[in-house]
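Enquirer: For reference, the file model.cif (mmCIF, C-alpha atoms) is included below:
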data_structure
#
loop_
_atom_site.label_atom_id
_atom_site.label_comp_id
_atom_site.auth_asym_id
_atom_site.auth_seq_id
_atom_site.Cartn_x
_atom_site.Cartn_y
_atom_site.Cartn_z
CA MET T 1 15.66 44.95 -3.68
CA THR T 2 14.39 41.51 -2.73
CA ARG T 3 17.06 39.09 -1.63
CA PRO T 4 17.42 36.10 -3.94
CA ARG T 5 15.57 33.05 -2.74
CA PRO T 6 17.59 29.82 -2.58
CA THR T 7 16.10 27.08 -4.70
CA VAL T 8 15.34 23.74 -3.06
CA ALA T 9 13.81 20.52 -4.30
CA VAL T 10 11.21 18.33 -2.61
CA ILE T 11 10.86 14.65 -3.45
CA ASP T 12 7.96 12.66 -2.03
CA ASP T 13 5.66 10.07 -3.55
CA ASP T 14 2.88 11.26 -1.23
CA GLU T 15 0.74 13.71 -3.17
CA SER T 16 -0.36 15.71 -0.16
CA VAL T 17 3.26 16.33 0.87
CA ARG T 18 4.06 17.48 -2.66
CA GLU T 19 1.12 19.83 -2.41
CA SER T 20 1.72 21.28 1.05
CA LEU T 21 5.47 21.26 1.65
CA PRO T 22 6.37 23.59 -1.24
CA ASP T 23 3.92 26.21 0.07
CA LEU T 24 5.52 26.08 3.51
CA LEU T 25 8.98 26.28 1.99
CA ARG T 26 7.96 29.35 0.01
CA GLU T 27 6.74 30.96 3.22
CA LEU T 28 10.11 30.13 4.71
CA GLY T 29 11.78 32.01 1.87
CA PHE T 30 12.72 29.40 -0.69
CA SER T 31 11.97 28.76 -4.33
CA VAL T 32 10.75 25.21 -4.73
CA TYR T 33 10.58 22.44 -7.29
CA ALA T 34 8.63 19.31 -6.37
CA PHE T 35 9.12 15.79 -7.73
CA ALA T 36 7.10 12.60 -7.29
CA SER T 37 10.09 10.29 -7.47
CA ALA T 38 13.86 10.16 -7.23
CA GLN T 39 14.08 9.29 -10.91
CA GLU T 40 12.06 12.36 -11.82
CA PHE T 41 14.46 14.53 -9.84
CA LEU T 42 17.54 12.94 -11.40
CA ALA T 43 16.11 13.64 -14.84
CA PHE T 44 15.60 17.32 -14.02
CA ASP T 45 17.66 19.39 -16.42
CA ALA T 46 18.18 22.30 -14.02
CA ILE T 47 19.43 20.11 -11.19
CA ALA T 48 22.48 22.31 -10.76
CA MET T 49 20.44 25.20 -9.43
CA ILE T 50 19.07 23.16 -6.53
CA ARG T 51 20.81 24.25 -3.34
CA CYS T 52 19.25 21.68 -1.03
CA LEU T 53 17.21 18.51 -1.40
CA ILE T 54 14.34 17.58 0.92
CA THR T 55 13.40 13.99 0.27
CA ASP T 56 11.24 11.24 1.66
CA VAL T 57 13.04 8.02 2.50
CA ASP T 58 10.37 5.41 1.85
CA MET T 59 9.84 5.51 -1.90
CA SER T 60 9.67 2.81 -4.48
CA PRO T 61 11.39 1.73 -6.65
CA MET T 62 14.15 4.24 -5.81
CA SER T 63 14.31 5.11 -2.13
CA GLY T 64 15.81 8.21 -0.54
CA LEU T 65 18.79 6.08 0.43
CA ASP T 66 19.22 4.84 -3.14
CA LEU T 67 19.13 8.45 -4.28
CA GLN T 68 21.82 9.42 -1.77
CA VAL T 69 24.02 6.64 -3.12
CA GLU T 70 23.39 7.70 -6.70
CA LEU T 71 24.16 11.35 -6.03
CA LYS T 72 27.40 10.31 -4.36
CA ARG T 73 28.23 8.24 -7.40
CA ARG T 74 27.66 11.31 -9.55
CA GLU T 75 29.87 13.28 -7.16
CA ASP T 76 27.00 15.66 -6.59
CA GLN T 77 27.45 17.23 -3.19
CA ILE T 78 23.99 18.68 -2.87
CA PRO T 79 23.02 18.63 0.82
CA ILE T 80 20.11 16.34 1.63
CA VAL T 81 17.48 16.70 4.35
CA PHE T 82 15.64 13.41 4.76
CA ILE T 83 12.07 13.19 5.97
CA SER T 84 10.53 9.93 7.11
CA GLY T 85 7.18 8.60 8.27
CA HIS T 86 8.95 5.79 10.14
CA PRO T 87 10.60 7.04 13.34
CA ASP T 88 13.57 4.73 12.96
CA ASP T 89 16.74 5.73 14.77
CA ALA T 90 18.82 3.18 12.91
CA LEU T 91 17.66 4.77 9.67
CA ARG T 92 18.57 8.26 10.88
CA HIS T 93 21.99 6.97 11.89
CA LEU T 94 22.49 5.45 8.47
CA VAL T 95 21.52 8.47 6.38
CA LEU T 96 23.59 10.82 8.52
CA ASP T 97 26.56 8.45 8.39
CA GLN T 98 26.27 8.46 4.62
CA GLY T 99 26.57 12.23 4.61
CA GLY T 100 23.00 13.39 4.94
CA ALA T 101 22.58 16.85 6.42
CA ALA T 102 19.57 16.00 8.58
CA CYS T 103 16.83 13.47 9.13
CA LEU T 104 13.42 14.63 10.34
CA PHE T 105 10.64 12.34 11.45
CA LYS T 106 7.08 13.15 10.41
CA PRO T 107 5.31 15.10 11.69
CA PHE T 108 7.98 17.79 11.98
CA THR T 109 7.56 21.43 12.89
CA ASP T 110 8.25 24.25 10.47
CA THR T 111 11.02 25.51 12.75
CA ALA T 112 12.71 22.11 12.72
CA LEU T 113 12.52 22.06 8.94
CA LEU T 114 13.93 25.55 8.65
CA ALA T 115 16.75 24.75 11.06
CA ALA T 116 17.63 21.62 9.11
CA ILE T 117 17.70 23.40 5.76
CA SER T 118 19.65 26.34 7.16
CA ALA T 119 22.22 23.99 8.60
CA ALA T 120 22.35 22.13 5.30
CA LEU T 121 22.93 25.35 3.40
CA GLY T 122 25.52 26.35 5.97
CA VAL T 123 24.06 29.84 5.87
CA HIS T 124 23.10 31.49 9.10
CA GLY T 125 19.56 32.84 8.87
CA ALA T 126 18.86 31.55 5.37
CA GLY T 127 15.17 31.65 6.19
CA GLU T 128 15.13 35.28 7.25
CA THR T 129 14.15 36.29 3.73
CA ALA T 130 10.64 35.13 4.60
CA ARG T 131 10.08 38.24 6.66
CA ASN T 132 10.90 40.49 3.75
CA GLY T 133 9.83 38.30 0.88
CA GLY T 134 6.42 36.98 1.80
CA LYS T 135 4.81 34.94 -0.92
CA PRO T 136 6.23 35.30 -4.44
CA MET J 137 -14.98 -28.66 -16.20
CA LEU J 138 -11.57 -29.22 -14.73
CA THR J 139 -10.59 -32.69 -13.68
CA THR J 140 -8.87 -33.45 -10.43
CA GLY J 141 -5.33 -34.51 -9.79
CA SER J 142 -3.70 -31.46 -11.31
CA ALA J 143 -0.64 -30.20 -9.51
CA VAL J 144 -1.01 -26.70 -8.26
CA ALA J 145 1.33 -24.05 -6.96
CA GLY J 146 1.09 -25.26 -3.38
CA SER J 147 4.37 -26.67 -2.23
CA SER J 148 7.84 -27.40 -3.43
CA GLN J 149 7.31 -31.09 -2.69
CA ARG J 150 4.45 -31.40 -5.12
CA ALA J 151 5.14 -32.84 -8.52
CA GLY J 152 2.91 -33.90 -11.32
CA ARG J 153 0.81 -32.55 -14.07
CA THR J 154 0.55 -28.82 -14.26
CA THR J 155 -2.43 -26.78 -15.22
CA ASP J 156 -2.43 -23.49 -17.07
CA PHE J 157 -2.45 -21.84 -13.69
CA ASP J 158 0.66 -23.36 -12.24
CA HIS J 159 3.30 -20.67 -12.50
CA HIS J 160 6.79 -20.84 -11.13
CA ASN J 161 6.09 -17.37 -9.89
CA GLY J 162 3.18 -18.67 -7.86
CA LEU J 163 5.36 -21.32 -6.26
CA ASN J 164 8.07 -18.87 -5.39
CA ALA J 165 5.62 -16.27 -4.21
CA GLU J 166 4.09 -18.72 -1.81
CA LEU J 167 7.45 -19.91 -0.52
CA ASP J 168 8.43 -16.29 -0.05
CA ALA J 169 5.12 -15.42 1.57
CA PRO J 170 5.90 -14.03 4.98
CA LEU J 171 5.55 -16.65 7.67
CA ASP J 172 7.21 -14.54 10.36
CA ASN J 173 4.07 -14.58 12.49
CA ALA J 174 6.09 -13.56 15.50
CA ASN J 175 6.68 -10.21 13.82
CA SER J 176 3.10 -9.67 12.70
CA LEU J 177 2.36 -7.40 15.61
CA SER J 178 5.41 -5.18 15.20
CA VAL J 179 4.88 -4.99 11.44
CA LEU J 180 1.31 -3.95 12.04
CA THR J 181 2.37 -1.36 14.61
CA ALA J 182 4.91 0.10 12.21
CA SER J 183 2.21 0.34 9.56
CA ILE J 184 -0.16 2.12 11.91
CA VAL J 185 2.57 4.55 13.00
CA HIS J 186 3.45 5.35 9.41
CA GLU J 187 -0.13 5.69 8.25
CA VAL J 188 -1.02 8.07 11.05
CA ASN J 189 2.20 10.08 10.74
CA GLN J 190 1.49 10.88 7.10
CA PRO J 191 -1.73 12.87 7.60
CA LEU J 192 -0.36 14.33 10.87
CA SER J 193 2.56 15.62 8.90
CA GLY J 194 0.22 17.14 6.35
CA ILE J 195 -1.72 18.86 9.13
CA SER J 196 1.47 20.19 10.70
CA ILE J 197 2.77 21.54 7.42
CA ASN J 198 -0.51 23.07 6.30
CA ALA J 199 -1.27 24.68 9.66
CA SER J 200 2.24 26.14 9.88
CA THR J 201 1.87 27.57 6.42
CA CYS J 202 -1.55 28.95 7.31
CA LEU J 203 -0.19 30.77 10.34
CA ARG J 204 2.71 32.26 8.41
CA MET J 205 0.45 33.39 5.60
CA LEU J 206 -1.88 35.11 8.07
CA CYS J 207 1.08 36.78 9.79
CA ALA J 208 2.53 38.03 6.53
CA ASP J 209 2.27 41.67 5.57
CA PRO J 210 -0.19 41.88 3.88
CA PRO J 211 -1.85 38.64 5.05
CA ASN J 212 -2.33 36.02 2.34
CA ILE J 213 -5.99 35.16 2.94
CA ASP J 214 -6.48 33.02 -0.17
CA GLY J 215 -3.43 30.94 0.62
CA ALA J 216 -4.48 30.56 4.23
CA ARG J 217 -7.93 29.40 3.16
CA GLU J 218 -6.41 26.73 0.93
CA THR J 219 -4.11 25.42 3.64
CA ALA J 220 -7.02 25.27 6.09
CA ARG J 221 -8.99 23.21 3.56
CA ARG J 222 -6.05 20.85 3.13
CA THR J 223 -5.73 20.52 6.90
CA LEU J 224 -9.32 19.31 7.13
CA ARG J 225 -8.73 16.90 4.29
CA ASP J 226 -5.75 15.44 6.14
CA VAL J 227 -7.86 15.10 9.27
CA ASN J 228 -10.27 13.03 7.18
CA ARG J 229 -7.39 10.90 5.98
CA ALA J 230 -6.43 10.17 9.56
CA ALA J 231 -10.05 9.36 10.35
CA GLU J 232 -10.06 6.87 7.47
CA VAL J 233 -7.00 5.19 8.92
CA ILE J 234 -8.83 4.76 12.21
CA LYS J 235 -11.85 3.40 10.37
CA ARG J 236 -9.76 0.80 8.60
CA LEU J 237 -8.04 -0.10 11.84
CA ARG J 238 -11.41 -0.79 13.36
CA ALA J 239 -12.36 -2.91 10.37
CA LEU J 240 -9.25 -4.96 10.95
CA PHE J 241 -9.89 -5.47 14.62
CA THR J 242 -13.65 -5.60 14.95
CA GLU J 243 -14.86 -8.65 16.74
CA ARG J 244 -17.75 -10.56 15.35
CA ALA J 245 -19.15 -13.90 16.19
CA GLU J 246 -17.91 -16.29 13.57
CA LEU J 247 -20.12 -18.97 12.17
CA THR J 248 -18.43 -22.22 11.40
CA GLU J 249 -20.18 -24.42 8.91
CA ALA J 250 -19.54 -26.66 5.99
CA VAL J 251 -18.92 -24.46 2.99
CA ASP J 252 -19.24 -25.37 -0.65
CA LEU J 253 -16.71 -23.11 -2.30
CA ASN J 254 -18.35 -23.34 -5.72
CA GLU J 255 -21.69 -22.24 -4.32
CA ALA J 256 -19.98 -19.44 -2.43
CA VAL J 257 -18.34 -18.27 -5.66
CA LEU J 258 -21.61 -18.41 -7.59
CA GLU J 259 -23.37 -16.35 -4.93
CA VAL J 260 -20.64 -13.71 -4.96
CA LEU J 261 -20.78 -13.57 -8.76
CA ALA J 262 -24.55 -13.13 -8.60
CA MET J 263 -24.06 -10.31 -6.06
CA SER J 264 -21.48 -8.68 -8.35
CA ARG J 265 -23.52 -8.99 -11.52
CA ASN J 266 -24.38 -5.31 -11.64
CA GLU J 267 -20.85 -4.14 -10.93
CA LEU J 268 -19.47 -6.47 -13.57
CA ARG J 269 -22.02 -5.32 -16.09
CA LYS J 270 -21.42 -1.65 -15.39
CA SER J 271 -17.68 -2.12 -15.72
CA GLN J 272 -18.23 -4.24 -18.82
CA VAL J 273 -16.16 -7.06 -17.43
CA SER J 274 -16.87 -10.53 -18.77
CA VAL J 275 -16.50 -13.48 -16.48
CA GLN J 276 -15.33 -16.95 -17.32
CA ARG J 277 -15.76 -19.45 -14.56
CA THR J 278 -14.45 -22.97 -14.39
CA LEU J 279 -15.59 -24.65 -11.22
CA ALA J 280 -14.39 -28.16 -10.52
CA TYR J 281 -17.18 -30.71 -10.23
CA ASN J 282 -16.16 -32.71 -7.20
CA MET J 283 -15.01 -30.11 -4.75
CA PRO J 284 -14.91 -31.21 -1.14
CA LEU J 285 -16.65 -29.12 1.45
CA LEU J 286 -14.47 -27.01 3.63
CA VAL J 287 -15.14 -25.93 7.18
CA GLY J 288 -15.24 -22.24 7.83
CA ASP J 289 -17.02 -18.93 7.89
CA ARG J 290 -18.90 -18.66 4.64
CA ILE J 291 -19.55 -14.91 4.88
CA GLN J 292 -15.90 -14.12 5.54
CA LEU J 293 -14.74 -16.29 2.66
CA GLN J 294 -17.26 -14.60 0.41
CA GLN J 295 -15.91 -11.23 1.49
CA VAL J 296 -12.48 -12.38 0.39
CA ILE J 297 -13.78 -13.56 -2.99
CA LEU J 298 -15.67 -10.29 -3.43
CA ASN J 299 -12.49 -8.37 -2.59
CA LEU J 300 -10.58 -10.25 -5.28
CA ILE J 301 -13.31 -9.71 -7.86
CA ARG J 302 -13.55 -6.00 -7.10
CA ASN J 303 -9.78 -5.58 -7.30
CA ALA J 304 -9.83 -7.32 -10.67
CA ILE J 305 -12.58 -5.02 -11.95
CA GLU J 306 -10.65 -2.01 -10.76
CA ALA J 307 -7.43 -3.24 -12.34
CA MET J 308 -9.13 -3.52 -15.71
CA ARG J 309 -10.88 -0.17 -15.54
CA GLY J 310 -8.62 1.44 -18.10
CA ALA J 311 -8.37 -1.56 -20.40
CA ASP J 312 -9.92 -1.99 -23.80
CA ILE J 313 -13.44 -3.33 -23.30
CA ARG J 314 -12.72 -6.45 -25.33
CA GLU J 315 -9.84 -7.23 -22.97
CA ARG J 316 -11.80 -6.96 -19.73
CA LYS J 317 -11.96 -10.58 -18.83
CA LEU J 318 -12.07 -12.05 -15.37
CA THR J 319 -11.46 -15.77 -14.97
CA ILE J 320 -12.40 -17.65 -11.84
CA VAL J 321 -11.31 -21.22 -11.39
CA THR J 322 -11.80 -23.64 -8.56
CA GLN J 323 -9.80 -26.81 -8.38
CA ARG J 324 -9.31 -29.61 -5.99
CA HIS J 325 -5.82 -30.52 -4.94
CA GLU J 326 -4.83 -34.11 -4.30
CA ASN J 327 -3.73 -33.23 -0.77
CA GLY J 328 -7.31 -32.38 0.05
CA SER J 329 -7.18 -28.64 -0.22
CA VAL J 330 -9.20 -26.49 -2.53
CA LEU J 331 -7.68 -23.86 -4.76
CA LEU J 332 -9.41 -20.81 -6.12
CA SER J 333 -7.87 -18.41 -8.56
CA VAL J 334 -9.03 -15.03 -9.84
CA HIS J 335 -7.28 -13.97 -13.03
CA ASP J 336 -7.54 -10.50 -14.51
CA ALA J 337 -6.11 -8.80 -17.58
CA GLY J 338 -5.55 -5.49 -15.87
CA VAL J 339 -2.75 -3.08 -15.04
CA GLY J 340 -0.85 -5.63 -13.00
CA ILE J 341 1.33 -5.18 -9.94
CA ALA J 342 4.92 -3.94 -9.92
CA GLN J 343 7.33 -6.80 -9.33
CA GLN J 344 8.54 -5.44 -6.01
CA ALA J 345 5.02 -4.78 -4.75
CA PHE J 346 3.70 -8.33 -4.72
CA ASP J 347 4.18 -8.57 -0.96
CA ASP J 348 3.25 -4.95 -0.33
CA VAL J 349 -0.28 -5.35 -1.63
CA PHE J 350 -1.09 -7.57 1.35
CA LYS J 351 0.19 -5.11 3.90
CA PRO J 352 -2.25 -3.32 6.19
CA PHE J 353 -3.41 0.02 4.80
CA TYR J 354 -1.98 -0.63 1.36
CA SER J 355 -4.36 0.90 -1.11
CA THR J 356 -4.01 2.52 -4.47
CA LYS J 357 -7.36 4.16 -3.94
CA PRO J 358 -7.75 6.83 -1.26
CA GLU J 359 -11.16 5.50 -0.20
CA GLY J 360 -10.06 1.90 -0.17
CA MET J 361 -12.47 -0.78 -1.33
CA GLY J 362 -14.15 -3.17 1.00
CA ILE J 363 -12.11 -5.26 3.35
CA GLY J 364 -8.76 -5.07 1.62
CA LEU J 365 -6.13 -7.68 0.92
CA SER J 366 -4.57 -7.53 4.36
CA VAL J 367 -7.82 -8.57 6.01
CA SER J 368 -8.47 -11.08 3.21
CA ARG J 369 -5.18 -12.77 3.88
CA SER J 370 -5.86 -12.78 7.58
CA ILE J 371 -9.23 -14.48 6.99
CA VAL J 372 -7.72 -17.10 4.70
CA GLU J 373 -4.93 -17.82 7.15
CA LYS J 374 -7.44 -18.28 9.95
CA HIS J 375 -8.90 -21.03 7.82
CA GLY J 376 -5.47 -22.63 7.66
CA GLY J 377 -5.00 -21.48 4.08
CA ARG J 378 -2.84 -19.16 1.99
CA LEU J 379 -3.53 -16.14 -0.19
CA TRP J 380 -1.00 -14.91 -2.70
CA ALA J 381 -0.64 -13.29 -6.11
CA THR J 382 1.35 -13.96 -9.25
CA ALA J 383 1.96 -12.03 -12.43
CA ASN J 384 0.34 -13.45 -15.53
CA ASP J 385 2.23 -14.39 -18.66
CA GLY J 386 0.17 -11.75 -20.36
CA PRO J 387 -1.20 -8.60 -18.75
CA GLY J 388 -2.61 -8.61 -15.26
CA VAL J 389 -2.41 -10.63 -12.13
CA THR J 390 -3.80 -13.86 -10.70
CA PHE J 391 -4.75 -14.11 -7.07
CA TRP J 392 -4.66 -17.55 -5.52
CA LEU J 393 -6.48 -18.84 -2.48
CA SER J 394 -5.89 -22.30 -1.10
CA ILE J 395 -7.68 -23.75 1.88
CA PRO J 396 -7.30 -27.20 3.39
CA CYS J 397 -10.40 -29.35 3.61
CA THR J 398 -8.89 -31.82 5.98
CA PRO J 399 -7.99 -30.85 9.54
CA PRO J 400 -4.72 -28.91 9.37
CA THR J 401 -1.72 -30.87 10.60
CA ARG J 402 0.14 -27.77 11.75
CA SER J 403 -0.72 -25.83 14.86
CA ASN J 404 -3.19 -23.52 13.10
CA ARG J 405 -6.35 -23.23 15.11
CA ARG J 406 -9.60 -24.62 13.83
CA LEU J 407 -12.62 -22.45 14.29
CA ALA J 408 -14.77 -23.80 17.07
CA PRO J 409 -18.54 -23.27 16.70
CA GLY J 410 -19.65 -19.89 17.92
CA THR J 411 -16.12 -18.72 18.69
CA LYS J 412 -15.72 -14.98 19.00
CA THR J 413 -12.44 -13.98 17.47
CA SER J 414 -10.85 -10.91 16.03
CA ALA J 415 -8.00 -10.34 13.65
CA MET J 416 -6.10 -8.67 16.48
CA SER J 417 -6.28 -11.62 18.82
CA ASP J 418 -5.27 -13.90 15.97
CA VAL J 419 -2.22 -11.81 15.24
CA ALA J 420 -1.39 -11.71 18.93
CA SER J 421 -1.78 -15.46 19.37
CA LEU J 422 0.27 -16.18 16.26
CA ALA J 423 2.92 -13.94 17.71
CA CYS J 424 3.10 -16.23 20.70
CA CYS J 425 3.36 -19.52 18.78
#
Will you turn the file into structure tokens for me?
Expert:
Amino acid sequence: MTRPRPTVAVIDDDESVRESLPDLLRELGFSVYAFASAQEFLAFDAIAMIRCLITDVDMSPMSGLDLQVELKRREDQIPIVFISGHPDDALRHLVLDQGGAACLFKPFTDTALLAAISAALGVHGAGETARNGGKP
Amino acid sequence: MLTTGSAVAGSSQRAGRTTDFDHHNGLNAELDAPLDNANSLSVLTASIVHEVNQPLSGISINASTCLRMLCADPPNIDGARETARRTLRDVNRAAEVIKRLRALFTERAELTEAVDLNEAVLEVLAMSRNELRKSQVSVQRTLAYNMPLLVGDRIQLQQVILNLIRNAIEAMRGADIRERKLTIVTQRHENGSVLLSVHDAGVGIAQQAFDDVFKPFYSTKPEGMGIGLSVSRSIVEKHGGRLWATANDGPGVTFWLSIPCTPPTRSNRRLAPGTKTSAMSDVASLACC
């Protein structure tokens, strides 16, 4: 019996990230939903099934930081892994201070991504399903 | 033909009669226009870093996925093929970034001459006749009759005007054909500067993006078009002038270009005949002012 795949969400206004990151995440053993904006994600009716959020920081009009604030306001404790094209330590400090699970700077390795999501899910070896699952 | 003496969106000290083109937005936009020249270099560096990191990230993600798909049991050949294709596409994106960087920093001998802005506009319009016709954009031009000559690089200024016209055409691409109107106006300001505006009835710019559109590498089109607004602004500023944009009362945007015709009183450099300059050295020297 195949182990259930945790469902994660990707938010990035960059089309090529929305195209490529979900495929990698599936190889890592996750089910994935992708969104072009924070608003689109917030309007998602199955938001409750998302176990972890992977989101870009630099988005307009609602940034990754704005989204973090909004989710806090909604008392939604979904763990967030931030990804950013600006290697800004102050930014990383800020998002982690505000409760973010991780902040990766682009370009990041697949192992770094997996480690960040695993830590966020608090599950040891959450990505191990990839070995058994392969591509859905 | 427009008469002279009309107040334009040039400075908070100016008062007087307003034209149809004097928007409060324009005034505020110009006051808000970034003058932090000392930060130009770091802003540019941050842009380059970000623009290169994006395709690098795509390459990293796609290549990682490719490897995993090939190592899967059974190997996912179709998936791997797709990720390899995307990797090459991201390499091309990075190459484009380099190309645009070079366009920003390429040195060329600048020619300084007396430039008649109206003539420059007419030449650019003649050059663009085909493009305008193909895009079914109608042009209304109102060129003031007693425009002073300005001193500068005619070709560069024409590149700026062409950039504005092309952006306007692009902005109106989806509009109803009857609405595709481009309006170009030149005016003379009482302080001796000339003002050019390009007004379109297109998709407009989001309120928060009015500064962003002038940033290096900003482009809503993956291929980019011509020299881009960042370079345009740099050219205009080298002439001691300003380039900014305002939202119209109706649909679309107006781009404004003002250039002094008298020697600038601030420390902006004047172009000496035959001077070799580059956008990079300009940014660097402004950073030192």
Enquirer: Of the candidates T:Asp88, T:Glu27, T:Asp45, T:Asp13, which shows the shortest atom-to-atom distance to chain J, using only C-alpha atoms?
Expert: T:Glu27
Enquirer: Any chance you could resolve the PyMOL selection byres ((chain J) within 7 of (chain T)) against this file and give the residues as a list in words?
Expert: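 Selection result, ordered by chain and number: His186, Asn189, Gln190, Leu192, Ser193, Gly194, Ser196, Ile197, Asn198, Ser200, Thr201, Arg204 and Ala208 of chain J.
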Enquirer: Suppose a student applies the PyMOL selection byres ((chain J and resi 281) around 12) to this structure; what residues should they get, written as a list in words?
Expert: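 When the PyMOL selection byres ((chain J and resi 281) around 12) is applied, the selected residues are Met137, Leu138, Thr139, Thr140, Asp252, Leu253, Asn254, Glu255, Thr278, Leu279, Ala280, Asn282, Met283, Pro284, Leu285, Val321, Thr322, Gln323, Arg324 and Val330 of chain J.
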Enquirer: Contacts of Leu318 of chain J at 9 Å or less, counting only C-alpha atoms, minus same-chain residues fewer than 4 places along, as number ranges by chain?
Expert: J: 273-277, 301, 304-305, 334-337
Enquirer: Can you work out the spacing between atom CA of Ala262 of chain J and atom CA of Pro396 of chain J in Å, to one decimal?
Expert: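 Atom CA of Ala262 of chain J sits 25.3 Å away from atom CA of Pro396 of chain J.
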Enquirer: Give me, please, the distance in Å between atom CA of Arg290 of chain J and atom CA of Val372 of chain J, quoted to one decimal.
Expert: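 Value for the atom CA of Arg290 of chain J-atom CA of Val372 of chain J distance: 11.3 Å.
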Enquirer: Could you tell me, as number ranges by chain, exactly which residues end up selected when the PyMOL selection byres ((chain T and resi 116) around 12) is applied to this structure?
Expert: T: 52-54, 79-83, 100-105, 108-115, 117-127
Enquirer: Take the point (14.4, 6.2, -1.8) as written in the file and pick out every residue within 10 Å of it, counting all atoms listed in the file; give the list as an MDAnalysis selection string.
Expert: chainID T and resid 11:13 37:39 55:69 82
Enquirer: So what do you get for atom CA of Leu42 of chain T versus atom CA of Gly29 of chain T, distance-wise?
Expert: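 Distance reported for this atom pair: 23.9 Å.
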Enquirer: Which residues are near Ser264 of chain J? Cut-off 10 Å, all atoms listed in the file, ignore same chain within fewer than 6 positions. Put them as a PyMOL selection string.
Expert: chain J and resi 258+270+298+301-302
